[in-house]
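Everything below belongs to protein18.cif, which stores mmCIF, C-alpha atoms.
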data_query
loop_
_atom_site.group_PDB
_atom_site.id
_atom_site.type_symbol
_atom_site.label_atom_id
_atom_site.label_comp_id
_atom_site.auth_asym_id
_atom_site.auth_seq_id
_atom_site.Cartn_x
_atom_site.Cartn_y
_atom_site.Cartn_z
ATOM 1 C CA MET A 741 110.156 -24.023 -149.053
ATOM 2 C CA PRO A 742 107.913 -20.960 -149.286
ATOM 3 C CA LYS A 743 108.978 -17.841 -147.440
ATOM 4 C CA LEU A 744 106.641 -16.594 -144.743
ATOM 5 C CA PRO A 745 106.164 -12.869 -144.292
ATOM 6 C CA MET A 746 107.765 -11.386 -141.160
ATOM 7 C CA LYS A 747 104.335 -10.617 -139.662
ATOM 8 C CA ALA A 748 103.297 -14.289 -139.925
ATOM 9 C CA ILE A 749 106.555 -15.417 -138.296
ATOM 10 C CA SER A 750 105.999 -12.994 -135.412
ATOM 11 C CA ILE A 751 102.442 -14.212 -134.829
ATOM 12 C CA LEU A 752 103.592 -17.830 -134.986
ATOM 13 C CA SER A 753 106.413 -17.129 -132.512
ATOM 14 C CA ILE A 754 104.118 -15.361 -130.058
ATOM 15 C CA SER A 755 101.511 -18.154 -130.321
ATOM 16 C CA SER A 756 104.181 -20.785 -129.634
ATOM 17 C CA LEU A 757 105.507 -18.830 -126.672
ATOM 18 C CA VAL A 758 102.006 -18.465 -125.173
ATOM 19 C CA PHE A 759 101.385 -22.200 -125.685
ATOM 20 C CA PHE A 760 104.599 -23.225 -123.871
ATOM 21 C CA ILE A 761 103.976 -20.786 -120.990
ATOM 22 C CA SER A 762 100.443 -22.143 -120.532
ATOM 23 C CA LEU A 763 101.803 -25.714 -120.424
ATOM 24 C CA GLN A 764 104.216 -24.772 -117.630
ATOM 25 C CA THR A 765 101.534 -22.865 -115.702
ATOM 26 C CA ASN A 766 99.070 -25.768 -115.913
ATOM 27 C CA ALA A 767 101.747 -28.190 -114.722
ATOM 28 C CA MET A 768 102.209 -26.071 -111.582
ATOM 29 C CA HIS A 769 98.428 -25.912 -110.882
ATOM 30 C CA PRO A 770 96.856 -29.351 -111.297
ATOM 31 C CA ILE A 771 93.178 -29.475 -112.130
ATOM 32 C CA ASN A 772 90.881 -31.188 -109.625
ATOM 33 C CA HIS A 773 88.463 -33.142 -111.778
ATOM 34 C CA GLY A 774 86.793 -34.937 -108.853
ATOM 35 C CA PHE A 775 85.168 -32.090 -106.925
ATOM 36 C CA GLN A 776 85.771 -29.046 -109.110
ATOM 37 C CA GLY A 777 87.671 -27.262 -106.340
ATOM 38 C CA ALA A 778 85.283 -28.131 -103.481
ATOM 39 C CA LYS A 779 86.157 -30.676 -100.825
ATOM 40 C CA PRO A 780 83.602 -33.204 -99.651
ATOM 41 C CA ASN A 781 82.052 -32.591 -96.232
ATOM 42 C CA CYS A 782 82.676 -34.805 -93.222
ATOM 43 C CA THR A 783 80.953 -35.065 -89.863
ATOM 44 C CA TYR A 784 83.033 -34.580 -86.731
ATOM 45 C CA SER A 785 82.365 -35.067 -83.035
ATOM 46 C CA ILE A 786 83.990 -32.666 -80.608
ATOM 47 C CA GLU A 787 84.406 -34.094 -77.106
ATOM 48 C CA ILE A 788 84.908 -31.509 -74.368
ATOM 49 C CA GLU A 789 85.587 -32.277 -70.733
ATOM 50 C CA THR A 790 84.808 -29.654 -68.111
ATOM 51 C CA THR A 791 86.984 -30.045 -65.007
ATOM 52 C CA CYS A 792 85.727 -30.695 -61.501
ATOM 53 C CA ALA A 793 87.141 -27.423 -60.131
ATOM 54 C CA GLN A 794 84.750 -25.201 -58.189
ATOM 55 C CA SER A 795 82.732 -23.014 -60.587
ATOM 56 C CA ALA A 796 84.215 -24.811 -63.627
ATOM 57 C CA GLU A 797 80.845 -25.091 -65.426
ATOM 58 C CA THR A 798 79.399 -22.459 -67.729
ATOM 59 C CA THR A 799 76.207 -21.418 -69.436
ATOM 60 C CA ASP A 800 78.152 -18.962 -71.621
ATOM 61 C CA HIS A 801 78.225 -19.075 -75.419
ATOM 62 C CA VAL A 802 81.191 -21.279 -76.491
ATOM 63 C CA SER A 803 82.718 -21.479 -80.000
ATOM 64 C CA VAL A 804 85.420 -23.732 -81.420
ATOM 65 C CA ARG A 805 87.710 -23.588 -84.443
ATOM 66 C CA PHE A 806 90.018 -26.389 -85.529
ATOM 67 C CA SER A 807 92.263 -27.164 -88.459
ATOM 68 C CA ASP A 808 94.806 -29.575 -89.867
ATOM 69 C CA SER A 809 98.297 -28.707 -91.085
ATOM 70 C CA LYS A 810 96.993 -28.249 -94.652
ATOM 71 C CA GLY A 811 94.772 -25.356 -93.524
ATOM 72 C CA ASP A 812 91.413 -27.149 -93.731
ATOM 73 C CA LEU A 813 89.416 -25.123 -91.188
ATOM 74 C CA ILE A 814 86.113 -25.694 -89.407
ATOM 75 C CA ILE A 815 84.527 -23.005 -87.218
ATOM 76 C CA VAL A 816 81.496 -23.674 -85.018
ATOM 77 C CA LYS A 817 80.277 -20.292 -83.777
ATOM 78 C CA HIS A 818 77.987 -21.729 -81.110
ATOM 79 C CA LEU A 819 78.366 -25.181 -79.609
ATOM 80 C CA ASN A 820 74.837 -26.235 -78.773
ATOM 81 C CA ASN A 821 72.710 -29.388 -78.570
ATOM 82 C CA PRO A 822 75.269 -31.352 -76.574
ATOM 83 C CA LYS A 823 75.099 -35.062 -76.024
ATOM 84 C CA LEU A 824 76.174 -35.807 -72.476
ATOM 85 C CA LEU A 825 78.812 -38.529 -72.655
ATOM 86 C CA TYR A 826 79.638 -38.605 -68.948
ATOM 87 C CA ALA A 827 78.395 -36.973 -65.764
ATOM 88 C CA PRO A 828 79.341 -37.857 -62.189
ATOM 89 C CA LYS A 829 76.829 -39.675 -60.015
ATOM 90 C CA GLY A 830 73.973 -37.273 -59.341
ATOM 91 C CA GLY A 831 75.138 -35.007 -62.182
ATOM 92 C CA SER A 832 73.007 -33.309 -64.843
ATOM 93 C CA LYS A 833 71.429 -36.003 -67.011
ATOM 94 C CA HIS A 834 67.964 -34.485 -67.264
ATOM 95 C CA GLY A 835 66.377 -32.806 -70.300
ATOM 96 C CA GLY A 836 67.304 -29.236 -71.087
ATOM 97 C CA TYR A 837 70.975 -29.800 -70.333
ATOM 98 C CA GLY A 838 72.950 -27.065 -72.095
ATOM 99 C CA GLY A 839 76.396 -28.612 -71.810
ATOM 100 C CA PHE A 840 79.602 -27.704 -69.998
ATOM 101 C CA GLY A 841 78.529 -29.027 -66.603
ATOM 102 C CA ARG A 842 81.106 -29.506 -63.856
ATOM 103 C CA CYS A 843 82.930 -32.873 -64.116
ATOM 104 C CA ALA A 844 81.068 -33.693 -67.344
ATOM 105 C CA ILE A 845 82.117 -34.756 -70.825
ATOM 106 C CA ASP A 846 79.951 -33.401 -73.650
ATOM 107 C CA VAL A 847 79.910 -34.240 -77.346
ATOM 108 C CA PHE A 848 78.999 -31.717 -80.040
ATOM 109 C CA GLU A 849 78.647 -32.353 -83.762
ATOM 110 C CA ALA A 850 80.171 -30.286 -86.534
ATOM 111 C CA SER A 851 80.484 -30.708 -90.270
ATOM 112 C CA GLY A 852 82.837 -29.179 -92.760
ATOM 113 C CA PRO A 853 85.571 -29.966 -95.249
ATOM 114 C CA CYS A 854 87.182 -33.353 -94.775
ATOM 115 C CA MET A 855 90.575 -32.990 -93.132
ATOM 116 C CA SER A 856 93.441 -34.574 -95.025
ATOM 117 C CA SER A 857 95.695 -34.872 -91.971
ATOM 118 C CA ARG A 858 95.486 -34.869 -88.166
ATOM 119 C CA VAL A 859 93.798 -31.902 -86.465
ATOM 120 C CA CYS A 860 96.719 -30.063 -84.870
ATOM 121 C CA TYR A 861 95.179 -26.663 -84.151
ATOM 122 C CA LEU A 862 92.226 -25.976 -81.859
ATOM 123 C CA TYR A 863 90.932 -22.803 -80.218
ATOM 124 C CA LEU A 864 87.956 -22.123 -77.965
ATOM 125 C CA LYS A 865 86.148 -18.835 -77.457
ATOM 126 C CA LYS A 866 83.815 -18.098 -74.548
ATOM 127 C CA VAL A 867 81.486 -15.109 -74.639
ATOM 128 C CA GLY A 868 80.166 -14.337 -71.183
ATOM 129 C CA SER A 869 81.394 -13.846 -67.645
ATOM 130 C CA ASP A 870 81.394 -17.413 -66.223
ATOM 131 C CA ASP A 871 84.710 -18.921 -65.172
ATOM 132 C CA TRP A 872 84.617 -21.973 -67.439
ATOM 133 C CA ARG A 873 87.501 -24.408 -67.050
ATOM 134 C CA PRO A 874 87.714 -27.105 -69.722
ATOM 135 C CA GLY A 875 89.968 -30.062 -69.016
ATOM 136 C CA TRP A 876 90.585 -31.401 -72.510
ATOM 137 C CA VAL A 877 89.148 -31.326 -76.019
ATOM 138 C CA LYS A 878 89.489 -33.854 -78.828
ATOM 139 C CA VAL A 879 88.022 -34.245 -82.308
ATOM 140 C CA LEU A 880 86.739 -37.494 -83.776
ATOM 141 C CA HIS A 881 85.631 -38.298 -87.332
ATOM 142 C CA ARG A 882 82.496 -40.321 -87.994
ATOM 143 C CA GLN A 883 83.311 -42.816 -90.701
ATOM 144 C CA ASP A 884 80.938 -44.837 -92.837
ATOM 145 C CA GLY A 885 78.949 -47.141 -90.609
ATOM 146 C CA GLY A 886 78.894 -44.631 -87.719
ATOM 147 C CA HIS A 887 82.233 -45.704 -86.210
ATOM 148 C CA GLU A 888 84.205 -42.755 -84.782
ATOM 149 C CA VAL A 889 87.983 -42.508 -84.802
ATOM 150 C CA PRO A 890 90.154 -39.831 -83.145
ATOM 151 C CA VAL A 891 91.597 -37.399 -85.700
ATOM 152 C CA SER A 892 93.229 -34.889 -83.354
ATOM 153 C CA TYR A 893 95.676 -34.515 -80.582
ATOM 154 C CA VAL A 894 94.142 -34.295 -77.124
ATOM 155 C CA PHE A 895 94.260 -30.579 -76.338
ATOM 156 C CA TYR A 896 94.753 -30.153 -72.573
ATOM 157 C CA PHE A 897 93.502 -26.795 -71.294
ATOM 158 C CA ARG A 898 93.086 -27.282 -67.519
ATOM 159 C CA THR A 899 92.785 -23.561 -66.972
ATOM 160 C CA PHE A 900 90.029 -20.968 -67.078
ATOM 161 C CA VAL A 901 89.316 -19.710 -70.595
ATOM 162 C CA PRO A 902 89.551 -15.907 -70.896
ATOM 163 C CA GLU A 903 86.497 -13.965 -72.070
ATOM 164 C CA ASN A 904 85.830 -12.956 -75.684
ATOM 165 C CA VAL A 905 89.141 -14.143 -77.224
ATOM 166 C CA TRP A 906 90.245 -17.251 -79.084
ATOM 167 C CA TYR A 907 92.297 -19.329 -76.656
ATOM 168 C CA GLY A 908 93.999 -22.607 -77.507
ATOM 169 C CA PHE A 909 96.772 -24.475 -79.230
ATOM 170 C CA ASP A 910 98.534 -24.513 -82.582
ATOM 171 C CA TYR A 911 100.651 -27.670 -82.768
ATOM 172 C CA CYS A 912 100.732 -27.343 -86.580
ATOM 173 C CA HIS A 913 103.195 -24.447 -86.492
ATOM 174 C CA SER A 914 104.530 -24.832 -82.954
ATOM 175 C CA LYS A 915 108.177 -25.262 -82.150
ATOM 176 C CA GLY A 916 107.541 -27.008 -78.843
ATOM 177 C CA GLY A 917 105.323 -24.304 -77.341
ATOM 178 C CA LEU A 918 102.648 -26.558 -75.924
ATOM 179 C CA VAL A 919 100.950 -24.023 -73.671
ATOM 180 C CA PRO A 920 97.617 -22.495 -74.646
ATOM 181 C CA HIS A 921 97.718 -18.936 -75.912
ATOM 182 C CA VAL A 922 95.427 -16.145 -77.068
ATOM 183 C CA VAL A 923 95.179 -15.249 -80.741
ATOM 184 C CA SER A 924 93.093 -12.813 -82.741
ATOM 185 C CA PHE A 925 91.113 -13.868 -85.809
ATOM 186 C CA ASP A 926 88.813 -11.974 -88.133
ATOM 187 C CA ASP A 927 85.522 -13.833 -87.899
#
Starting from the coordinates I provided, produce the structure as structure tokens.
Amino acid sequence: MPKLPMKAISILSISSLVFFISLQTNAMHPINHGFQGAKPNCTYSIEIETTCAQSAETTDHVSVRFSDSKGDLIIVKHLNNPKLLYAPKGGSKHGGYGGFGRCAIDVFEASGPCMSSRVCYLYLKKVGSDDWRPGWVKVLHRQDGGHEVPVSYVFYFRTFVPENVWYGFDYCHSKGGLVPHVVSFDD
């Protein structure tokens, strides 16, 4: 067997070491061949009920952010173009309806990364001075064929939303604290 010079043995040893380290690193970080790191987009419907309390409606700018436990996040900075799902008899069903009417249920559309688990985190933000009081909010996913299925908890607010702060629920990381709370986000 021929003798290899010390320099060649060192290079061979280092090359082998680098090869084995790269195998272990790649095993810890699987490669996503399907979407090259990007998730497909899905369409969601956000149903929001405004309570029947006096002055519960709003014309203020309303935003929503929601996520699943895996951290898939969708932010809608301005909920607009509502579809009125329900209004009481004599309620606002005419053109130009901006949403969030008293005793009404509105539906807004959003799109973003497909959630891989149930939406368990939802916050609302109201910019303006109206005393808006949502009753509940839920998120539905539009599947192929147009059929919608609920993909979230029902988030019960039933209180006036404070101005200019994110206000809502995080059931993903909650230890039983099911009351809405204010949080600060960089957005």
Result set, the PyMOL selection byres ((chain A and resi 883) around 12) on current file, as a PyMOL selection string: chain A and resi 781-785+854+880-882+884-891
Go ahead and write the selection's residues with C-alpha atoms as a tab-separated table (two decimals), keeping the file's coordinate frame.
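Result went into part_29.tsv, see below:
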chain	number	residue	atom	x	y	z
A	781	ASN	CA	82.05	-32.59	-96.23
A	782	CYS	CA	82.68	-34.80	-93.22
A	783	THR	CA	80.95	-35.06	-89.86
A	784	TYR	CA	83.03	-34.58	-86.73
A	785	SER	CA	82.36	-35.07	-83.04
A	854	CYS	CA	87.18	-33.35	-94.78
A	880	LEU	CA	86.74	-37.49	-83.78
A	881	HIS	CA	85.63	-38.30	-87.33
A	882	ARG	CA	82.50	-40.32	-87.99
A	884	ASP	CA	80.94	-44.84	-92.84
A	885	GLY	CA	78.95	-47.14	-90.61
A	886	GLY	CA	78.89	-44.63	-87.72
A	887	HIS	CA	82.23	-45.70	-86.21
A	888	GLU	CA	84.20	-42.76	-84.78
A	889	VAL	CA	87.98	-42.51	-84.80
A	890	PRO	CA	90.15	-39.83	-83.14
A	891	VAL	CA	91.60	-37.40	-85.70
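Between CA of Ser869 (chain A) and CA of Ser803 (chain A) lies a distance of 14.6 Å.
Neighbours of Ser807 (chain A) closer than or equal to 8 Å, with all atoms listed in the file counted and sequence neighbours fewer than 2 positions away skipped, come out as Arg805, Ser809, Lys810, Gly811, Asp812, Leu813, Ile814, Met855, Val859, Cys860, Tyr861 and Leu862 of chain A.
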Taking the file as I've supplied it (selection: the PyMOL selection byres ((chain A and resi 802) around 6)), which residues are included? Please answer as an MDAnalysis selection string. chainID A and resid 801 803 818:819 865:866
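Here CA of Ala793 (chain A) and CA of Phe925 (chain A) stand 29.3 Å from one another.
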Just the residues within 9 Å of Val922 (chain A), please, counting all atoms listed in the file, with nothing from its chain fewer than 4 positions along; format it as a list in words. Tyr863, Pro902, Val905, Trp906, Tyr907, Gly908 and Phe909 of chain A
Counting all atoms listed in the file, what is within 9 Å of Ala796 (chain A), bar same-chain residues fewer than 6 positions away, as a short mmCIF file (atom, residue, chain, number, x, y, z; two decimals) with C-alpha atoms, in the coordinates of the input?
data_model
loop_
_atom_site.label_atom_id
_atom_site.label_comp_id
_atom_site.auth_asym_id
_atom_site.auth_seq_id
_atom_site.Cartn_x
_atom_site.Cartn_y
_atom_site.Cartn_z
CA THR A 790 84.81 -29.65 -68.11
CA PHE A 840 79.60 -27.70 -70.00
CA GLY A 841 78.53 -29.03 -66.60
CA ARG A 842 81.11 -29.51 -63.86
CA CYS A 843 82.93 -32.87 -64.12
CA ASP A 870 81.39 -17.41 -66.22
CA ASP A 871 84.71 -18.92 -65.17
CA TRP A 872 84.62 -21.97 -67.44
CA ARG A 873 87.50 -24.41 -67.05
CA PRO A 874 87.71 -27.10 -69.72
CA PHE A 900 90.03 -20.97 -67.08
#
CA of Ser892 (chain A) and CA of Ser795 (chain A), how far apart in Å? 27.7 Å
Within 8 Å of Leu825 (chain A), counting all atoms listed in the file, which residues show up once you throw out same-chain ones fewer than 2 positions away? Write them as a JSON list (two decimals) with C-alpha atoms, in the frame of the given file, please.
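In the end it all went to result01.json:
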[["chain", "number", "residue", "atom", "x", "y", "z"],
["A", 823, "LYS", "CA", 75.10, -35.06, -76.02],
["A", 827, "ALA", "CA", 78.40, -36.97, -65.76],
["A", 844, "ALA", "CA", 81.07, -33.69, -67.34],
["A", 845, "ILE", "CA", 82.12, -34.76, -70.82],
["A", 846, "ASP", "CA", 79.95, -33.40, -73.65],
["A", 847, "VAL", "CA", 79.91, -34.24, -77.35]]
